[in-house]
file input-v2.cif (mmCIF, N, CA and C atoms)
data_target
loop_
_atom_site.label_atom_id
_atom_site.label_comp_id
_atom_site.auth_asym_id
_atom_site.auth_seq_id
_atom_site.Cartn_x
_atom_site.Cartn_y
_atom_site.Cartn_z
N MET A 1 80.36 117.05 129.55
CA MET A 1 80.29 117.25 128.14
C MET A 1 79.14 118.21 127.85
N LYS A 2 79.36 119.13 126.93
CA LYS A 2 78.34 120.12 126.58
C LYS A 2 77.16 119.44 125.90
N GLU A 3 75.95 119.89 126.23
CA GLU A 3 74.75 119.36 125.59
C GLU A 3 74.65 119.92 124.17
N ILE A 4 74.42 119.04 123.22
CA ILE A 4 74.26 119.42 121.81
C ILE A 4 72.79 119.24 121.45
N THR A 5 72.15 120.34 121.07
CA THR A 5 70.73 120.30 120.74
C THR A 5 70.52 119.88 119.29
N ASP A 6 69.30 119.47 118.99
CA ASP A 6 68.94 119.15 117.61
C ASP A 6 69.11 120.38 116.72
N GLU A 7 68.75 121.53 117.23
CA GLU A 7 68.86 122.77 116.45
C GLU A 7 70.33 123.05 116.09
N PHE A 8 71.21 122.88 117.06
CA PHE A 8 72.63 123.08 116.79
C PHE A 8 73.12 122.10 115.73
N MET A 9 72.71 120.84 115.88
CA MET A 9 73.14 119.84 114.90
C MET A 9 72.64 120.18 113.50
N MET A 10 71.39 120.59 113.38
CA MET A 10 70.83 120.95 112.07
C MET A 10 71.58 122.15 111.47
N GLN A 11 71.92 123.11 112.30
CA GLN A 11 72.66 124.28 111.83
C GLN A 11 74.04 123.84 111.32
N MET A 12 74.72 123.01 112.07
CA MET A 12 76.05 122.56 111.67
C MET A 12 75.98 121.71 110.40
N ILE A 13 75.03 120.79 110.34
CA ILE A 13 74.90 119.92 109.17
C ILE A 13 74.62 120.75 107.92
N SER A 14 73.86 121.82 108.06
CA SER A 14 73.55 122.67 106.90
C SER A 14 74.79 123.40 106.38
N GLN A 15 75.82 123.51 107.21
CA GLN A 15 77.06 124.19 106.81
C GLN A 15 78.12 123.23 106.30
N ALA A 16 77.84 121.94 106.33
CA ALA A 16 78.83 120.95 105.90
C ALA A 16 79.21 121.20 104.45
N LYS A 17 80.48 121.00 104.16
CA LYS A 17 81.03 121.24 102.83
C LYS A 17 81.67 119.94 102.33
N PRO A 18 81.56 119.68 101.03
CA PRO A 18 82.19 118.45 100.52
C PRO A 18 83.72 118.57 100.46
N PHE A 19 84.38 117.52 100.82
CA PHE A 19 85.82 117.38 100.74
C PHE A 19 86.11 115.99 100.19
N SER A 20 87.36 115.70 99.95
CA SER A 20 87.77 114.35 99.59
C SER A 20 88.87 113.91 100.55
N ILE A 21 88.85 112.65 100.87
CA ILE A 21 89.89 112.08 101.72
C ILE A 21 90.68 111.07 100.90
N ALA A 22 91.99 111.25 100.89
CA ALA A 22 92.88 110.32 100.21
C ALA A 22 93.61 109.49 101.26
N LEU A 23 93.59 108.19 101.07
CA LEU A 23 94.32 107.27 101.94
C LEU A 23 95.50 106.73 101.15
N LEU A 24 96.69 106.88 101.70
CA LEU A 24 97.92 106.50 101.04
C LEU A 24 98.42 105.18 101.64
N LYS A 25 98.71 104.21 100.79
CA LYS A 25 99.15 102.90 101.25
C LYS A 25 100.50 102.55 100.64
N ALA A 26 101.34 101.90 101.44
CA ALA A 26 102.67 101.49 100.99
C ALA A 26 102.56 100.25 100.11
N THR A 27 103.43 100.18 99.14
CA THR A 27 103.60 98.96 98.35
C THR A 27 104.86 98.26 98.84
N GLY A 28 105.23 97.17 98.22
CA GLY A 28 106.46 96.46 98.57
C GLY A 28 107.71 97.29 98.33
N ASN A 29 107.61 98.35 97.53
CA ASN A 29 108.76 99.22 97.26
C ASN A 29 109.03 100.22 98.37
N TYR A 30 108.14 100.33 99.32
CA TYR A 30 108.27 101.37 100.36
C TYR A 30 109.53 101.22 101.19
N GLU A 31 109.89 100.02 101.54
CA GLU A 31 111.03 99.79 102.43
C GLU A 31 112.39 99.94 101.75
N ASN A 32 112.42 100.04 100.45
CA ASN A 32 113.69 100.16 99.72
C ASN A 32 114.34 101.51 100.05
N PRO A 33 115.54 101.52 100.66
CA PRO A 33 116.19 102.78 101.03
C PRO A 33 116.47 103.69 99.83
N GLU A 34 116.59 103.12 98.66
CA GLU A 34 116.83 103.95 97.47
C GLU A 34 115.64 104.84 97.14
N ASN A 35 114.48 104.53 97.70
CA ASN A 35 113.28 105.32 97.42
C ASN A 35 113.08 106.49 98.38
N ARG A 36 113.95 106.64 99.39
CA ARG A 36 113.81 107.74 100.35
C ARG A 36 113.78 109.11 99.67
N PRO A 37 114.62 109.39 98.66
CA PRO A 37 114.55 110.70 98.01
C PRO A 37 113.21 110.96 97.31
N ILE A 38 112.60 109.92 96.78
CA ILE A 38 111.31 110.09 96.12
C ILE A 38 110.23 110.38 97.17
N ILE A 39 110.30 109.70 98.31
CA ILE A 39 109.35 109.95 99.39
C ILE A 39 109.53 111.37 99.92
N TRP A 40 110.77 111.84 99.98
CA TRP A 40 111.04 113.22 100.40
C TRP A 40 110.37 114.21 99.44
N GLU A 41 110.42 113.93 98.15
CA GLU A 41 109.78 114.82 97.16
C GLU A 41 108.25 114.73 97.25
N HIS A 42 107.76 113.56 97.60
CA HIS A 42 106.32 113.40 97.87
C HIS A 42 105.91 114.35 99.00
N ALA A 43 106.70 114.38 100.08
CA ALA A 43 106.41 115.26 101.21
C ALA A 43 106.50 116.73 100.81
N ARG A 44 107.50 117.07 100.01
CA ARG A 44 107.65 118.45 99.54
C ARG A 44 106.40 118.87 98.76
N ARG A 45 105.91 117.96 97.92
CA ARG A 45 104.71 118.24 97.13
C ARG A 45 103.49 118.44 98.04
N ASN A 46 103.41 117.66 99.11
CA ASN A 46 102.31 117.86 100.07
C ASN A 46 102.35 119.26 100.66
N PHE A 47 103.54 119.76 101.00
CA PHE A 47 103.65 121.11 101.52
C PHE A 47 103.20 122.13 100.47
N ALA A 48 103.54 121.91 99.22
CA ALA A 48 103.11 122.81 98.15
C ALA A 48 101.59 122.78 97.98
N LEU A 49 101.01 121.60 98.05
CA LEU A 49 99.55 121.48 97.95
C LEU A 49 98.87 122.17 99.13
N ARG A 50 99.48 122.12 100.31
CA ARG A 50 98.95 122.85 101.47
C ARG A 50 99.00 124.34 101.21
N GLU A 51 100.12 124.81 100.70
CA GLU A 51 100.26 126.24 100.43
C GLU A 51 99.25 126.73 99.40
N GLU A 52 98.89 125.88 98.44
CA GLU A 52 97.90 126.23 97.42
C GLU A 52 96.46 126.12 97.93
N GLY A 53 96.28 125.60 99.13
CA GLY A 53 94.94 125.46 99.69
C GLY A 53 94.21 124.21 99.23
N LEU A 54 94.89 123.33 98.53
CA LEU A 54 94.25 122.10 98.05
C LEU A 54 94.26 120.97 99.07
N LEU A 55 95.31 120.90 99.86
CA LEU A 55 95.45 119.86 100.87
C LEU A 55 95.26 120.52 102.23
N ALA A 56 94.03 120.43 102.75
CA ALA A 56 93.68 121.15 103.97
C ALA A 56 94.37 120.56 105.20
N ILE A 57 94.41 119.24 105.28
CA ILE A 57 95.03 118.56 106.41
C ILE A 57 95.78 117.35 105.88
N VAL A 58 97.02 117.22 106.27
CA VAL A 58 97.82 116.06 105.88
C VAL A 58 98.29 115.36 107.16
N CYS A 59 98.12 114.05 107.19
CA CYS A 59 98.48 113.27 108.38
C CYS A 59 99.35 112.08 107.98
N PRO A 60 100.67 112.20 108.07
CA PRO A 60 101.51 111.03 107.88
C PRO A 60 101.20 110.01 108.98
N ILE A 61 101.21 108.76 108.62
CA ILE A 61 100.92 107.68 109.58
C ILE A 61 102.17 106.84 109.73
N SER A 62 102.61 106.67 110.97
CA SER A 62 103.91 106.03 111.20
C SER A 62 103.81 104.72 111.97
N ASP A 63 102.63 104.12 111.99
CA ASP A 63 102.57 102.82 112.65
C ASP A 63 103.04 101.74 111.69
N GLU A 64 102.92 100.52 112.06
CA GLU A 64 103.47 99.41 111.28
C GLU A 64 102.49 98.81 110.28
N THR A 65 101.47 99.55 109.91
CA THR A 65 100.50 99.06 108.93
C THR A 65 100.88 99.54 107.53
N GLU A 66 100.16 99.09 106.53
CA GLU A 66 100.41 99.55 105.16
C GLU A 66 99.92 100.97 104.95
N LEU A 67 99.03 101.47 105.81
CA LEU A 67 98.52 102.83 105.69
C LEU A 67 99.60 103.81 106.11
N LYS A 68 99.98 104.70 105.21
CA LYS A 68 101.10 105.62 105.46
C LYS A 68 100.70 107.08 105.52
N GLY A 69 99.45 107.39 105.14
CA GLY A 69 99.04 108.77 105.21
C GLY A 69 97.57 108.95 104.90
N MET A 70 97.05 110.09 105.37
CA MET A 70 95.68 110.48 105.11
C MET A 70 95.69 111.97 104.84
N GLY A 71 95.00 112.37 103.80
CA GLY A 71 94.92 113.79 103.48
C GLY A 71 93.48 114.19 103.22
N ILE A 72 93.10 115.35 103.73
CA ILE A 72 91.79 115.91 103.45
C ILE A 72 92.00 117.01 102.41
N PHE A 73 91.40 116.81 101.25
CA PHE A 73 91.57 117.72 100.12
C PHE A 73 90.38 118.64 99.97
N ASN A 74 90.66 119.88 99.68
CA ASN A 74 89.65 120.87 99.36
C ASN A 74 89.39 120.77 97.86
N ALA A 75 88.90 119.60 97.45
CA ALA A 75 88.69 119.30 96.03
C ALA A 75 87.72 118.13 95.95
N ASP A 76 87.09 117.98 94.79
CA ASP A 76 86.19 116.85 94.64
C ASP A 76 86.99 115.57 94.38
N VAL A 77 86.29 114.46 94.35
CA VAL A 77 86.95 113.15 94.23
C VAL A 77 87.75 113.06 92.94
N ASP A 78 87.18 113.51 91.83
CA ASP A 78 87.89 113.41 90.55
C ASP A 78 89.16 114.25 90.54
N GLN A 79 89.08 115.48 91.04
CA GLN A 79 90.26 116.35 91.09
C GLN A 79 91.31 115.77 92.03
N THR A 80 90.87 115.25 93.17
CA THR A 80 91.81 114.65 94.12
C THR A 80 92.49 113.44 93.50
N ARG A 81 91.74 112.63 92.79
CA ARG A 81 92.34 111.46 92.12
C ARG A 81 93.42 111.91 91.13
N LEU A 82 93.14 112.96 90.36
CA LEU A 82 94.13 113.47 89.41
C LEU A 82 95.38 113.98 90.13
N ILE A 83 95.16 114.69 91.23
CA ILE A 83 96.29 115.20 92.03
C ILE A 83 97.14 114.03 92.52
N MET A 84 96.50 113.02 93.05
CA MET A 84 97.23 111.88 93.61
C MET A 84 97.95 111.07 92.53
N GLU A 85 97.37 110.98 91.35
CA GLU A 85 98.02 110.24 90.27
C GLU A 85 99.32 110.89 89.83
N GLU A 86 99.49 112.19 90.10
CA GLU A 86 100.72 112.90 89.74
C GLU A 86 101.75 112.92 90.86
N ASP A 87 101.44 112.33 91.99
CA ASP A 87 102.38 112.28 93.11
C ASP A 87 103.61 111.47 92.69
N PRO A 88 104.82 111.97 92.96
CA PRO A 88 106.02 111.25 92.52
C PRO A 88 106.16 109.85 93.12
N ALA A 89 105.75 109.66 94.37
CA ALA A 89 105.87 108.34 94.98
C ALA A 89 104.79 107.38 94.47
N VAL A 90 103.65 107.90 94.07
CA VAL A 90 102.62 107.07 93.44
C VAL A 90 103.11 106.66 92.05
N LYS A 91 103.64 107.64 91.31
CA LYS A 91 104.14 107.35 89.96
C LYS A 91 105.28 106.33 89.99
N ALA A 92 106.08 106.35 91.07
CA ALA A 92 107.22 105.43 91.20
C ALA A 92 106.80 104.06 91.75
N GLY A 93 105.53 103.90 92.08
CA GLY A 93 105.06 102.61 92.60
C GLY A 93 105.39 102.36 94.06
N ILE A 94 105.70 103.43 94.80
CA ILE A 94 106.01 103.31 96.22
C ILE A 94 104.72 103.33 97.04
N PHE A 95 103.76 104.11 96.59
CA PHE A 95 102.47 104.22 97.25
C PHE A 95 101.35 103.92 96.26
N THR A 96 100.25 103.43 96.79
CA THR A 96 98.98 103.40 96.08
C THR A 96 98.04 104.27 96.91
N PHE A 97 96.87 104.54 96.38
CA PHE A 97 95.95 105.39 97.12
C PHE A 97 94.51 105.03 96.79
N GLU A 98 93.63 105.48 97.65
CA GLU A 98 92.20 105.45 97.36
C GLU A 98 91.63 106.79 97.81
N VAL A 99 90.59 107.23 97.13
CA VAL A 99 89.97 108.52 97.41
C VAL A 99 88.50 108.30 97.77
N HIS A 100 88.06 109.01 98.79
CA HIS A 100 86.68 108.90 99.27
C HIS A 100 86.06 110.28 99.38
N SER A 101 84.79 110.36 99.04
CA SER A 101 84.02 111.58 99.22
C SER A 101 83.66 111.71 100.69
N ALA A 102 83.75 112.92 101.22
CA ALA A 102 83.45 113.15 102.63
C ALA A 102 82.84 114.55 102.78
N ARG A 103 82.34 114.82 103.97
CA ARG A 103 81.87 116.16 104.31
C ARG A 103 82.47 116.55 105.65
N SER A 104 82.69 117.83 105.82
CA SER A 104 83.14 118.34 107.09
C SER A 104 82.66 119.77 107.21
N PHE A 105 83.10 120.42 108.24
CA PHE A 105 82.59 121.74 108.55
C PHE A 105 83.65 122.80 108.34
N PRO A 106 83.36 123.83 107.53
CA PRO A 106 84.33 124.90 107.31
C PRO A 106 84.81 125.45 108.66
N GLY A 107 86.12 125.63 108.75
CA GLY A 107 86.72 126.13 109.98
C GLY A 107 87.25 125.04 110.89
N ASP A 108 86.87 123.78 110.65
CA ASP A 108 87.44 122.70 111.45
C ASP A 108 88.95 122.67 111.23
N SER A 109 89.68 122.36 112.26
CA SER A 109 91.12 122.27 112.15
C SER A 109 91.66 121.41 113.28
N LEU A 110 92.92 121.05 113.17
CA LEU A 110 93.57 120.33 114.25
C LEU A 110 93.87 121.30 115.37
N PRO A 111 93.84 120.86 116.61
CA PRO A 111 94.19 121.76 117.72
C PRO A 111 95.67 122.12 117.64
N LYS A 112 95.99 123.31 118.11
CA LYS A 112 97.39 123.76 118.12
C LYS A 112 98.10 123.24 119.33
#

call {"tool": "encode", "arguments": {"input": "input-v2.cif", "output": "structure tokens"}}
result
Amino acid sequence: MKEITDEFMMQMISQAKPFSIALLKATGNYENPENRPIIWEHARRNFALREEGLLAIVCPISDETELKGMGIFNADVDQTRLIMEEDPAVKAGIFTFEVHSARSFPGDSLPK
């Protein structure tokens, strides 16, 4: 493992930028097959938010827990909350969400 110096850490920390993380949770309505079209539109909206640069990273979660997704937003907590409140699956009561303030480093991304 590469050695990380204090100087490197201080340089990186000084470049940290605020982001918001939204955690998406399923409600009891999630399993209803009639809600699949609404969930599809939720996903379409996520792609649009990515294209606009608002949703930097989106991670659908497919395990058997209530947690169904995580998104890193290029927006503050209040703006992210407003964005999430307009999500079609949130409005339909299929998902609930919580938003957290976070920091990360510009240029971070998932590996290809």

call {"tool": "closest_residue", "arguments": {"input": "input-v2.cif", "among": "A:Met9, A:Leu24, A:Ile4, A:Ala102", "to": "Ile61 (chain A)", "atoms": "only C-alpha atoms"}}
result
A:Leu24

call {"tool": "residues_near_point", "arguments": {"input": "input-v2.cif", "point": "(93.9, 117.3, 101.2)", "cutoff": "10 Å", "atoms": "only C-alpha atoms", "output": "PyMOL selection string"}}
result
chain A and resi 19-22+46+49-50+53-59+70-75+80+83-84

call {"tool": "write_last_selection", "arguments": {"input": "input-v2.cif", "atoms": "N, CA and C atoms", "output": "tab-separated table (two decimals), in the coordinates of the input"}}
result
chain	number	residue	atom	x	y	z
A	19	PHE	N	84.38	117.52	100.82
A	19	PHE	CA	85.82	117.38	100.74
A	19	PHE	C	86.11	115.99	100.19
A	20	SER	N	87.36	115.70	99.95
A	20	SER	CA	87.77	114.35	99.59
A	20	SER	C	88.87	113.91	100.55
A	21	ILE	N	88.85	112.65	100.87
A	21	ILE	CA	89.89	112.08	101.72
A	21	ILE	C	90.68	111.07	100.90
A	22	ALA	N	91.99	111.25	100.89
A	22	ALA	CA	92.88	110.32	100.21
A	22	ALA	C	93.61	109.49	101.26
A	46	ASN	N	103.41	117.66	99.11
A	46	ASN	CA	102.31	117.86	100.07
A	46	ASN	C	102.35	119.26	100.66
A	49	LEU	N	101.01	121.60	98.05
A	49	LEU	CA	99.55	121.48	97.95
A	49	LEU	C	98.87	122.17	99.13
A	50	ARG	N	99.48	122.12	100.31
A	50	ARG	CA	98.95	122.85	101.47
A	50	ARG	C	99.00	124.34	101.21
A	53	GLY	N	96.28	125.60	99.13
A	53	GLY	CA	94.94	125.46	99.69
A	53	GLY	C	94.21	124.21	99.23
A	54	LEU	N	94.89	123.33	98.53
A	54	LEU	CA	94.25	122.10	98.05
A	54	LEU	C	94.26	120.97	99.07
A	55	LEU	N	95.31	120.90	99.86
A	55	LEU	CA	95.45	119.86	100.87
A	55	LEU	C	95.26	120.52	102.23
A	56	ALA	N	94.03	120.43	102.75
A	56	ALA	CA	93.68	121.15	103.97
A	56	ALA	C	94.37	120.56	105.20
A	57	ILE	N	94.41	119.24	105.28
A	57	ILE	CA	95.03	118.56	106.41
A	57	ILE	C	95.78	117.35	105.88
A	58	VAL	N	97.02	117.22	106.27
A	58	VAL	CA	97.82	116.06	105.88
A	58	VAL	C	98.29	115.36	107.16
A	59	CYS	N	98.12	114.05	107.19
A	59	CYS	CA	98.48	113.27	108.38
A	59	CYS	C	99.35	112.08	107.98
A	70	MET	N	97.05	110.09	105.37
A	70	MET	CA	95.68	110.48	105.11
A	70	MET	C	95.69	111.97	104.84
A	71	GLY	N	95.00	112.37	103.80
A	71	GLY	CA	94.92	113.79	103.48
A	71	GLY	C	93.48	114.19	103.22
A	72	ILE	N	93.10	115.35	103.73
A	72	ILE	CA	91.79	115.91	103.45
A	72	ILE	C	92.00	117.01	102.41
A	73	PHE	N	91.40	116.81	101.25
A	73	PHE	CA	91.57	117.72	100.12
A	73	PHE	C	90.38	118.64	99.97
A	74	ASN	N	90.66	119.88	99.68
A	74	ASN	CA	89.65	120.87	99.36
A	74	ASN	C	89.39	120.77	97.86
A	75	ALA	N	88.90	119.60	97.45
A	75	ALA	CA	88.69	119.30	96.03
A	75	ALA	C	87.72	118.13	95.95
A	80	THR	N	90.87	115.25	93.17
A	80	THR	CA	91.81	114.65	94.12
A	80	THR	C	92.49	113.44	93.50
A	83	ILE	N	95.16	114.69	91.23
A	83	ILE	CA	96.29	115.20	92.03
A	83	ILE	C	97.14	114.03	92.52
A	84	MET	N	96.50	113.02	93.05
A	84	MET	CA	97.23	111.88	93.61
A	84	MET	C	97.95	111.07	92.53

call {"tool": "closest_residue", "arguments": {"input": "input-v2.cif", "among": "A:Gly93, A:Pro88, A:Pro18, A:Gly69", "to": "Tyr30 (chain A)", "atoms": "only C-alpha atoms"}}
result
A:Gly93

call {"tool": "select_by_dssp", "arguments": {"input": "input-v2.cif", "residues": "chain A", "states": "strand (DSSP E or B)", "output": "tab-separated table (two decimals) with N, CA and C atoms, in the coordinates of the input"}}
result
chain	number	residue	atom	x	y	z
A	17	LYS	N	80.48	121.00	104.16
A	17	LYS	CA	81.03	121.24	102.83
A	17	LYS	C	81.67	119.94	102.33
A	18	PRO	N	81.56	119.68	101.03
A	18	PRO	CA	82.19	118.45	100.52
A	18	PRO	C	83.72	118.57	100.46
A	19	PHE	N	84.38	117.52	100.82
A	19	PHE	CA	85.82	117.38	100.74
A	19	PHE	C	86.11	115.99	100.19
A	20	SER	N	87.36	115.70	99.95
A	20	SER	CA	87.77	114.35	99.59
A	20	SER	C	88.87	113.91	100.55
A	21	ILE	N	88.85	112.65	100.87
A	21	ILE	CA	89.89	112.08	101.72
A	21	ILE	C	90.68	111.07	100.90
A	22	ALA	N	91.99	111.25	100.89
A	22	ALA	CA	92.88	110.32	100.21
A	22	ALA	C	93.61	109.49	101.26
A	23	LEU	N	93.59	108.19	101.07
A	23	LEU	CA	94.32	107.27	101.94
A	23	LEU	C	95.50	106.73	101.15
A	24	LEU	N	96.69	106.88	101.70
A	24	LEU	CA	97.92	106.50	101.04
A	24	LEU	C	98.42	105.18	101.64
A	25	LYS	N	98.71	104.21	100.79
A	25	LYS	CA	99.15	102.90	101.25
A	25	LYS	C	100.50	102.55	100.64
A	26	ALA	N	101.34	101.90	101.44
A	26	ALA	CA	102.67	101.49	100.99
A	26	ALA	C	102.56	100.25	100.11
A	55	LEU	N	95.31	120.90	99.86
A	55	LEU	CA	95.45	119.86	100.87
A	55	LEU	C	95.26	120.52	102.23
A	56	ALA	N	94.03	120.43	102.75
A	56	ALA	CA	93.68	121.15	103.97
A	56	ALA	C	94.37	120.56	105.20
A	57	ILE	N	94.41	119.24	105.28
A	57	ILE	CA	95.03	118.56	106.41
A	57	ILE	C	95.78	117.35	105.88
A	58	VAL	N	97.02	117.22	106.27
A	58	VAL	CA	97.82	116.06	105.88
A	58	VAL	C	98.29	115.36	107.16
A	59	CYS	N	98.12	114.05	107.19
A	59	CYS	CA	98.48	113.27	108.38
A	59	CYS	C	99.35	112.08	107.98
A	60	PRO	N	100.67	112.20	108.07
A	60	PRO	CA	101.51	111.03	107.88
A	60	PRO	C	101.20	110.01	108.98
A	67	LEU	N	99.03	101.47	105.81
A	67	LEU	CA	98.52	102.83	105.69
A	67	LEU	C	99.60	103.81	106.11
A	68	LYS	N	99.98	104.70	105.21
A	68	LYS	CA	101.10	105.62	105.46
A	68	LYS	C	100.70	107.08	105.52
A	69	GLY	N	99.45	107.39	105.14
A	69	GLY	CA	99.04	108.77	105.21
A	69	GLY	C	97.57	108.95	104.90
A	70	MET	N	97.05	110.09	105.37
A	70	MET	CA	95.68	110.48	105.11
A	70	MET	C	95.69	111.97	104.84
A	71	GLY	N	95.00	112.37	103.80
A	71	GLY	CA	94.92	113.79	103.48
A	71	GLY	C	93.48	114.19	103.22
A	72	ILE	N	93.10	115.35	103.73
A	72	ILE	CA	91.79	115.91	103.45
A	72	ILE	C	92.00	117.01	102.41
A	73	PHE	N	91.40	116.81	101.25
A	73	PHE	CA	91.57	117.72	100.12
A	73	PHE	C	90.38	118.64	99.97
A	95	PHE	N	103.76	104.11	96.59
A	95	PHE	CA	102.47	104.22	97.25
A	95	PHE	C	101.35	103.92	96.26
A	96	THR	N	100.25	103.43	96.79
A	96	THR	CA	98.98	103.40	96.08
A	96	THR	C	98.04	104.27	96.91
A	97	PHE	N	96.87	104.54	96.38
A	97	PHE	CA	95.95	105.39	97.12
A	97	PHE	C	94.51	105.03	96.79
A	98	GLU	N	93.63	105.48	97.65
A	98	GLU	CA	92.20	105.45	97.36
A	98	GLU	C	91.63	106.79	97.81
A	99	VAL	N	90.59	107.23	97.13
A	99	VAL	CA	89.97	108.52	97.41
A	99	VAL	C	88.50	108.30	97.77
A	100	HIS	N	88.06	109.01	98.79
A	100	HIS	CA	86.68	108.90	99.27
A	100	HIS	C	86.06	110.28	99.38
A	101	SER	N	84.79	110.36	99.04
A	101	SER	CA	84.02	111.58	99.22
A	101	SER	C	83.66	111.71	100.69
A	102	ALA	N	83.75	112.92	101.22
A	102	ALA	CA	83.45	113.15	102.63
A	102	ALA	C	82.84	114.55	102.78
A	103	ARG	N	82.34	114.82	103.97
A	103	ARG	CA	81.87	116.16	104.31
A	103	ARG	C	82.47	116.55	105.65
A	104	SER	N	82.69	117.83	105.82
A	104	SER	CA	83.14	118.34	107.09
A	104	SER	C	82.66	119.77	107.21

call {"tool": "residues_around", "arguments": {"input": "input-v2.cif", "residues": "Glu41 (chain A)", "least_positions_apart": "2", "cutoff": "12 Å", "atoms": "only C-alpha atoms", "output": "number ranges by chain"}}
result
A: 35-39, 43-48, 86-92

call {"tool": "atom_distance", "arguments": {"input": "input-v2.cif", "atom1": "CA of Gly107 (chain A)", "atom2": "CA of Phe8 (chain A)"}}
result
15.9 Å

call {"tool": "axis_aligned_box", "arguments": {"input": "input-v2.cif", "around": "region 93-105 of chain A", "padding_each_side": "8 Å", "output": "JSON"}}
result
{"center_x": 93.9, "center_y": 112.6, "center_z": 100.3, "size_x": 40.1, "size_y": 36.4, "size_z": 32.5}

call {"tool": "residues_around", "arguments": {"input": "input-v2.cif", "residues": "Met12 (chain A)", "least_positions_apart": "5", "cutoff": "8 Å", "atoms": "all atoms listed in the file", "output": "ChimeraX atom specification"}}
result
/A:6-7,17,104-105

call {"tool": "select_by_dssp", "arguments": {"input": "input-v2.cif", "residues": "chain A", "states": "helix (DSSP H, G or I)", "output": "ChimeraX atom specification"}}
result
/A:6-14,33-51,77-85,88-91

call {"tool": "atom_distance", "arguments": {"input": "input-v2.cif", "atom1": "atom C of Ser101 (chain A)", "atom2": "atom N of Asp78 (chain A)"}}
result
9.7 Å
